[in-house]
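Single-structure report; data block below.
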2 protein chains.
Amino acid sequence: MGITDNHISGPAARETVEAARHVAVIGAGIIGAGWAAFFALRGLAVRVVDSNPGARDMLDAALARAEQVMKALGQVGERTTVPVLTDDLAWAVSGAAHVQEALPEKLDLKHEVYAGIEAASSPRCVIASSSSGIPPSVLQQGLRHPERLLIAHPCNPPYLMPLVEICGGQHTAPWALDEAEAFYQGLGKQTVRLRREITGHLVNRLQSALWREAVYLVANGYASLEDVDRTVTEGLGARWAVCGPHRIFHLSGGEEGMAGFLEKLGEPVEQWWASLGQPRLDMATRKALIDGMDQAAHGRDSVQLAQDRDDGVIAMLMAKRHGA
Amino acid sequence: MGITDNHISGPAARETVEAARHVAVIGAGIIGAGWAAFFALRGLAVRVVDSNPGARDMLDAALARAEQVMKALGQVGERTTVPVLTDDLAWAVSGAAHVQEALPEKLDLKHEVYAGIEAASSPRCVIASSSSGIPPSVLQQGLRHPERLLIAHPCNPPYLMPLVEICGGQHTAPWALDEAEAFYQGLGKQTVRLRREITGHLVNRLQSALWREAVYLVANGYASLEDVDRTVTEGLGARWAVCGPHRIFHLSGGEEGMAGFLEKLGEPVEQWWASLGQPRLDMATRKALIDGMDQAAHGRDSVQLAQDRDDGVIAMLMAKRHGA
């Protein structure tokens with residue numbers, strides 16, 4: 001994806017942007033297009049910067065899907081906007097209330113674009129990076145106003161999943177964190193805040209911890225991939241959708257809660273931890289995963305499975321809102 | 001909990017047991033009482049063996065709660081029964097179609113009771129142990145008919161959670177595994193089958209893998225316990241309720257599925273795995289968990305939190321059935 005400071009796609013496009021302050025989304029890949037669709041359907045004016053020839057299609061596809069999803073969730077705003085696609089970074093961020101960066105995970109590219117953002121936007125405008133892989137302290141190196149930069153990492157797709165992880169680097173100012181949190185919450189998102197930066201933030205660390213054991217169980221033939229996945233969907237997942245991993249064990253401790261649980265079951269848990277697998281993604285393991293997934297898919301292609309996943313998640317989120 | 005081969009609670013009790021073949025539940029602790037309530041509300045005759053003076057109360061409490069839960073799930077049978085509590089093991093298992101053992105995790109006690117079961121029941125009757133901690137090959141040591149013994153481990157509470165893990169030991173016969181699977185499925189449960197036995201089966205291994213990282217993040221101050229739990233409930237959990245950990249990454253691989261995911265992201269995932277925490281439940285960590293849970297509970301006691309959890313899980317299961 002290349003970003004250049006040329007001119008916008010056309011004069012007609014500019015007219016659809018409201019005079020009010022807008023959100024700038026940098027990059028129209030899967031995450032960027034998803035963010036842009038979400039913001040626009042919540043009623044914010046959106047300028048999306050991407051000079052990639054496929055960007056318009058990505059954006060249109062995200063908009064179409066986001067509209068379905070957000071209608072089902074009852075989250076489409078009373079008024080909506082249409083994101084304006086441009087390759088003029090300076091115009092996109094000029095006067096912006098919030099910049100959401102969703103570029104590929106290439107540090108040089110991000111730093112180059114940040115310089116362009118700083119040249120054209122207010123230093124009080126938060127730059128929120130969607131990065132899941134680069135620590136914010138590294139991202140903010142070389143910025144003139146590093147205090148405005150933070151991580152705001154969504155679960156994918158951003159128009160479906162409620163969670164946004166917020167994490168500052170060593171130079172991020174408290175006002176920027178507070179403002180970002182209020183911004184996402186105001187749009188209906190659930191924010192969690194990291195107190196210190198760490199590789200993978202919370203979501204990807206927790207997700208990869210579960211998957212590591214799931215890979216171990218399949219690769220070593222303890223159960224089929226399908227049965228390991230079903231252990232989550234038919235057992236643990238329905239509980240995790242309403243009750244976090246700590247609270248689950250707090251409730252296993254009866255009246256004494258977490259203290260009672262640790263007293264009674266702390267030792268067995270440490271033994272289980274010691275026995276957890278440490279698989280490598282070697283050729284044999286990769287084959288076991290690919291073959292196991294083939295069987296588990298029962299002929300459904302990825303498009304169908306993704307649709308099933310999103311419909312299922314929508315049902316879970318609606319049930320959480322009404323029943324839980 | 002003590003089990004003795006005396007006489008049953010009273011002649012009136014015996015009259016409520018149907019002439020048809022019944023299920024024997026051994027032990028009326030949390031899991032045993034939960035199983036007994038589930039079987040009775042699905043319409044099976046149930047004999048529960050427990051000479052503990054608190055057994056009647058355990059059973060009544062489980063029945064009351066199970067009735068609420070199973071009504072909400074639409075799972076109460078057209079006809080229901082009332083479990084008969086007895087301390088006569090021989091009578092309880094005599095003529096039983098299925099024995100569900102739910103004793104404390106004490107191997108000597110279990111072996112002693114298995115001898116009593118074998119003395120009074122048909123060798124074709126499956127003995128299903130609810131054990132989460134003892135491998136089936138160890139449980140079946142010394143049995144005259146070890147081929148009938150297997151693990152059928154529920155998620156707690158058994159009348160709410162759909163999942164039952166089935167695992168045979170080295171002597172378990174295929175017919176016993178098939179029969180057990182058909183038995184639970186016939187009652188509306190979702191079964192998964194382990195191909196080889198392993199400490200913690202699937203549920204507790206996966207659960208403790210996730211919790212290990214969750215503990216690490218809290219103990220090292222990366223985020224509050226409440227925010228780590230919310231990362232699961234507001235992000236990962238809603239997805240895991242409908243889409244297992246393997247399928248999630250299969251869908252991240254786009255059209256190439258799991259193979260594409262491994263090709264593109266296999267290396268970063270291995271790096272994340274290498275960075276996962278290995279906490280110990282030392283005093284400082286226990287204090288961080290207990291304090292963090294206190295804050296996260298916002299004054300709600302365990303009874304209220306457990307009710308919230310169960311109501312939430314019911315809503316998830318209903319939504320899964322109807323929408324996912």
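If you're wondering about the labels, chains in the structure tokens are A, B, ... by order shown, residues count from 1 in each chain, ligands from 1 in order shown.
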**OP:** Please identify all polymer residues within 12 Å of A:Val192, counting only C-alpha atoms, omitting same-chain residues fewer than 6 positions from it, and present them as a VMD selection string.
**Re:** (chain A and resid 151 to 155 162 to 168 177 to 178 180 to 182 184 to 185 201 to 203) or (chain B and resid 222 to 235)
**OP:** Name the residues of stretch 50-259 of chain A that come out as alpha helix (DSSP H) in a backbone DSSP run; write them as a VMD selection string.
**Re:** chain A and resid 55 to 72 89 to 93 107 to 120 136 to 139 174 to 186 203 to 219 225 to 231 237 to 240 245 to 252 257 to 259
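Using only C-alpha atoms, the contacts of A:Thr172 at a cut-off of 8 Å, with sequence neighbours closer than 3 positions omitted, comprise Pro146, Glu147, Arg148, Leu149, Leu150, Gly168, Gly169, Ala176 and Leu177 of chain A.
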Original post:
If you measure from atom CA of B:Val242 to atom CA of B:Lys320, what distance in Å do you get, rounded to one decimal?
Top reply: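 Pair atom CA of B:Val242 / atom CA of B:Lys320 returns 7.3 Å.
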**OP:** For each of B:Ala45, B:Ala173, B:Ala119, B:Leu206, take the minimum atom-to-atom distance to chain A, counting only C-alpha atoms, then give the residue where this is smallest.
**Re:**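 The shortest atom-to-atom distance to chain A comes from B:Leu206.
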**OP:** Quick one: everything within 10 Å of stretch 278-280 of chain A, counting only C-alpha atoms, minus sequence neighbours fewer than 5 positions away in the same chain. Send it as an NGL selection string.
**Re:** (:A and (212-217 or 219-220 or 285-286)) or (:B and (266-267 or 269-270 or 273-274))
Those residues you just picked out, can you put them in a file as a CSV table (one decimal), in the first residue's frame with all heavy atoms?
```
chain,number,residue,atom,x,y,z
A,212,ARG,N,-2.2,-22.2,21.4
A,212,ARG,CA,-1.0,-23.1,21.6
A,212,ARG,C,-1.4,-24.4,22.1
A,212,ARG,O,-1.0,-25.5,21.6
A,212,ARG,CB,0.0,-22.4,22.5
A,212,ARG,CG,1.2,-23.3,22.7
A,212,ARG,CD,2.4,-22.6,23.2
A,212,ARG,NE,2.3,-22.1,24.6
A,212,ARG,CZ,3.3,-21.7,25.4
A,212,ARG,NH1,4.5,-21.7,24.9
A,212,ARG,NH2,3.0,-21.3,26.6
A,213,GLU,N,-2.3,-24.4,23.2
A,213,GLU,CA,-2.7,-25.7,23.7
A,213,GLU,C,-3.6,-26.5,22.7
A,213,GLU,O,-3.5,-27.7,22.6
A,213,GLU,CB,-3.4,-25.5,25.1
A,213,GLU,CG,-3.7,-26.8,25.8
A,213,GLU,CD,-2.5,-27.7,26.1
A,213,GLU,OE1,-1.4,-27.2,26.2
A,213,GLU,OE2,-2.7,-28.9,26.3
A,214,ALA,N,-4.4,-25.7,22.0
A,214,ALA,CA,-5.3,-26.4,21.0
A,214,ALA,C,-4.5,-27.0,19.9
A,214,ALA,O,-4.8,-28.1,19.5
A,214,ALA,CB,-6.2,-25.3,20.4
A,215,VAL,N,-3.4,-26.4,19.5
A,215,VAL,CA,-2.5,-27.0,18.5
A,215,VAL,C,-1.8,-28.2,19.1
A,215,VAL,O,-1.7,-29.3,18.4
A,215,VAL,CB,-1.4,-25.9,18.1
A,215,VAL,CG1,-0.3,-26.6,17.3
A,215,VAL,CG2,-2.0,-24.8,17.3
A,216,TYR,N,-1.3,-28.1,20.3
A,216,TYR,CA,-0.7,-29.3,20.9
A,216,TYR,C,-1.6,-30.5,21.0
A,216,TYR,O,-1.2,-31.6,20.6
A,216,TYR,CB,-0.3,-28.9,22.4
A,216,TYR,CG,0.3,-30.0,23.2
A,216,TYR,CD1,1.6,-30.4,22.9
A,216,TYR,CD2,-0.4,-30.6,24.2
A,216,TYR,CE1,2.2,-31.5,23.7
A,216,TYR,CE2,0.1,-31.7,24.9
A,216,TYR,CZ,1.4,-32.1,24.7
A,216,TYR,OH,2.0,-33.1,25.4
A,217,LEU,N,-2.8,-30.3,21.4
A,217,LEU,CA,-3.8,-31.4,21.5
A,217,LEU,C,-4.0,-32.1,20.1
A,217,LEU,O,-4.2,-33.3,20.0
A,217,LEU,CB,-5.1,-30.9,22.1
A,217,LEU,CG,-5.0,-30.5,23.6
A,217,LEU,CD1,-6.2,-29.7,24.1
A,217,LEU,CD2,-4.8,-31.8,24.5
A,219,ALA,N,-2.0,-31.8,17.3
A,219,ALA,CA,-0.7,-32.3,16.7
A,219,ALA,C,-0.3,-33.6,17.3
A,219,ALA,O,0.3,-34.4,16.7
A,219,ALA,CB,0.4,-31.2,16.9
A,220,ASN,N,-0.7,-33.8,18.6
A,220,ASN,CA,-0.3,-35.0,19.3
A,220,ASN,C,-1.4,-36.1,19.3
A,220,ASN,O,-1.3,-37.1,20.0
A,220,ASN,CB,0.3,-34.7,20.7
A,220,ASN,CG,1.6,-33.9,20.6
A,220,ASN,OD1,2.6,-34.5,20.4
A,220,ASN,ND2,1.5,-32.6,20.7
A,285,THR,N,3.1,-30.7,12.2
A,285,THR,CA,2.1,-30.0,12.9
A,285,THR,C,1.2,-29.2,11.9
A,285,THR,O,0.0,-29.2,12.0
A,285,THR,CB,2.7,-29.1,14.0
A,285,THR,OG1,3.4,-29.8,14.9
A,285,THR,CG2,1.6,-28.2,14.7
A,286,ARG,N,1.9,-28.6,11.0
A,286,ARG,CA,1.1,-27.8,10.0
A,286,ARG,C,0.2,-28.7,9.2
A,286,ARG,O,-1.0,-28.4,8.9
A,286,ARG,CB,2.0,-27.1,9.0
A,286,ARG,CG,2.7,-25.9,9.7
A,286,ARG,CD,3.8,-25.2,8.8
A,286,ARG,NE,4.5,-24.2,9.6
A,286,ARG,CZ,4.6,-22.9,9.2
A,286,ARG,NH1,4.1,-22.5,8.0
A,286,ARG,NH2,5.2,-22.0,9.9
B,266,GLY,N,2.6,-17.9,10.7
B,266,GLY,CA,3.2,-18.9,11.5
B,266,GLY,C,4.4,-18.4,12.4
B,266,GLY,O,4.4,-18.7,13.6
B,267,GLU,N,5.2,-17.7,11.8
B,267,GLU,CA,6.4,-17.2,12.5
B,267,GLU,C,6.1,-16.2,13.6
B,267,GLU,O,6.5,-16.4,14.7
B,267,GLU,CB,7.4,-16.6,11.5
B,267,GLU,CG,8.5,-17.6,11.1
B,267,GLU,CD,9.6,-17.0,10.2
B,267,GLU,OE1,10.2,-16.0,10.7
B,267,GLU,OE2,9.7,-17.4,9.1
B,269,VAL,N,3.4,-16.0,15.2
B,269,VAL,CA,2.7,-16.8,16.3
B,269,VAL,C,3.7,-17.5,17.1
B,269,VAL,O,3.6,-17.5,18.4
B,269,VAL,CB,1.6,-17.8,15.7
B,269,VAL,CG1,1.2,-18.8,16.7
B,269,VAL,CG2,0.4,-17.0,15.1
B,270,GLU,N,4.7,-18.1,16.5
B,270,GLU,CA,5.7,-18.8,17.3
B,270,GLU,C,6.4,-17.8,18.2
B,270,GLU,O,6.8,-18.2,19.4
B,270,GLU,CB,6.7,-19.6,16.4
B,270,GLU,CG,6.0,-20.9,15.9
B,270,GLU,CD,7.1,-21.8,15.3
B,270,GLU,OE1,8.0,-21.3,14.7
B,270,GLU,OE2,6.9,-23.0,15.5
B,273,TRP,N,4.1,-17.1,21.1
B,273,TRP,CA,4.2,-18.3,22.0
B,273,TRP,C,5.4,-18.2,22.9
B,273,TRP,O,5.3,-18.4,24.1
B,273,TRP,CB,4.2,-19.6,21.2
B,273,TRP,CG,2.9,-20.0,20.6
B,273,TRP,CD1,1.7,-19.3,20.8
B,273,TRP,CD2,2.6,-21.0,19.7
B,273,TRP,NE1,0.7,-20.0,20.1
B,273,TRP,CE2,1.2,-21.0,19.4
B,273,TRP,CE3,3.4,-22.0,19.2
B,273,TRP,CZ2,0.6,-21.9,18.5
B,273,TRP,CZ3,2.8,-23.0,18.3
B,273,TRP,CH2,1.4,-22.9,18.0
B,274,ALA,N,6.5,-17.9,22.3
B,274,ALA,CA,7.8,-17.8,23.1
B,274,ALA,C,7.7,-16.7,24.2
B,274,ALA,O,8.4,-16.8,25.2
B,274,ALA,CB,9.0,-17.6,22.2
```
Subject >> Shell of 10 Å around B:Gln100, only C-alpha atoms, local chain residues under 3 positions omitted, as a list in words >> reply: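 Residues near the query, excluding close chain neighbours: Val23, Ala24, Val25, Ile26, Gly27, Gly32, Trp35, Ala36, Val48, Val93, Leu103, Val126, Ile127, Ala128, Ser129, Ser130, Ile151, Ala152 and His153 of chain B.
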**OP:** Would you mind writing down, as number ranges by chain, each residue of stretch 71-264 of chain B that DSSP on the backbone assigns to strand (DSSP E)?
**Re:** B: 84-88, 98-101, 126-129, 149-154, 163-168, 190-194
Selected residues, C-alpha atoms, written as a short mmCIF file (atom, residue, chain, number, x, y, z; two decimals), in the first residue's frame, please.
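Listed below is the output, selection_5.cif:
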```cif
data_model
loop_
_atom_site.label_atom_id
_atom_site.label_comp_id
_atom_site.auth_asym_id
_atom_site.auth_seq_id
_atom_site.Cartn_x
_atom_site.Cartn_y
_atom_site.Cartn_z
CA VAL B 84 -34.22 -41.27 45.02
CA LEU B 85 -31.47 -40.79 47.56
CA THR B 86 -30.11 -43.95 49.09
CA ASP B 87 -27.06 -45.24 50.90
CA ASP B 88 -27.54 -48.72 49.42
CA HIS B 98 -25.82 -46.31 33.25
CA VAL B 99 -23.70 -45.49 36.28
CA GLN B 100 -22.42 -41.93 36.66
CA GLU B 101 -19.70 -41.77 39.29
CA VAL B 126 -21.14 -48.46 31.53
CA ILE B 127 -19.44 -46.91 34.53
CA ALA B 128 -18.81 -43.29 33.60
CA SER B 129 -16.53 -41.37 35.93
CA LEU B 149 -15.18 -47.89 32.58
CA LEU B 150 -14.59 -44.52 30.93
CA ILE B 151 -14.47 -40.83 31.70
CA ALA B 152 -17.52 -38.69 30.96
CA HIS B 153 -16.52 -35.30 32.28
CA PRO B 154 -19.15 -32.54 32.20
CA LEU B 163 -20.40 -30.35 26.73
CA VAL B 164 -19.42 -33.83 27.91
CA GLU B 165 -15.85 -35.04 27.29
CA ILE B 166 -15.58 -38.77 26.74
CA CYS B 167 -12.29 -40.58 27.20
CA GLY B 168 -11.46 -44.26 27.45
CA GLN B 190 -22.73 -32.34 22.92
CA THR B 191 -19.98 -34.91 23.24
CA VAL B 192 -16.34 -34.71 22.28
CA ARG B 193 -14.11 -37.76 22.35
CA LEU B 194 -10.47 -37.95 23.37
#
```
**OP:** Go through B:Arg195, B:His298, B:Arg65, B:His322 one by one, measure the shortest atom-to-atom distance of each to chain A using only C-alpha atoms, and give the residue with the smallest value.
**Re:**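 Among the listed residues, B:Arg195 lies closest to chain A.
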**OP:** Can you pull out every residue within 7 Å of A:Pro245, counting only C-alpha atoms, but drop anything in the same chain fewer than 3 positions away, and send it as a PyMOL selection string?
**Re:** (chain A and resi 240+248-249) or (chain B and resi 211+229)
Suppose we keep N, CA and C atoms; can you now write the selection as an mmCIF file, in the first residue's frame?
```
data_model
loop_
_atom_site.group_PDB
_atom_site.id
_atom_site.type_symbol
_atom_site.label_atom_id
_atom_site.label_comp_id
_atom_site.auth_asym_id
_atom_site.auth_seq_id
_atom_site.Cartn_x
_atom_site.Cartn_y
_atom_site.Cartn_z
ATOM 1 N N TRP A 240 -17.163 -18.069 28.498
ATOM 2 C CA TRP A 240 -16.240 -16.938 28.339
ATOM 3 C C TRP A 240 -16.929 -15.719 27.727
ATOM 4 N N ILE A 248 -14.353 -16.947 36.467
ATOM 5 C CA ILE A 248 -14.755 -18.355 36.465
ATOM 6 C C ILE A 248 -14.151 -19.086 37.661
ATOM 7 N N PHE A 249 -12.862 -18.835 37.924
ATOM 8 C CA PHE A 249 -12.234 -19.540 39.044
ATOM 9 C C PHE A 249 -12.629 -18.927 40.387
ATOM 10 N N TRP B 211 -6.001 -19.231 31.301
ATOM 11 C CA TRP B 211 -5.887 -18.580 32.601
ATOM 12 C C TRP B 211 -4.435 -18.291 32.952
ATOM 13 N N ASP B 229 -10.362 -9.740 32.174
ATOM 14 C CA ASP B 229 -11.609 -10.507 32.033
ATOM 15 C C ASP B 229 -12.499 -9.897 30.937
#
```
Original post:
What does the distance from atom CA of B:Gly221 to atom CA of B:Arg205 come to in Å, to one decimal?
Top reply: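 Computing it gives 24.6 Å between the two atoms.
Proximity to chain B was assessed for A:His246, A:His171, A:Arg300, A:Arg144 counting only C-alpha atoms; the smallest distance is recorded for A:His246.
Between atom CA of B:Gly34 and atom CA of B:Ser132 lies a distance of 15.4 Å.
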Original post:
Which residues come within 9 Å of A:Gly237, counting only C-alpha atoms, excluding same-chain residues fewer than 6 positions away, as a PyMOL selection string?
Top reply: (chain A and resi 231) or (chain B and resi 236-244)
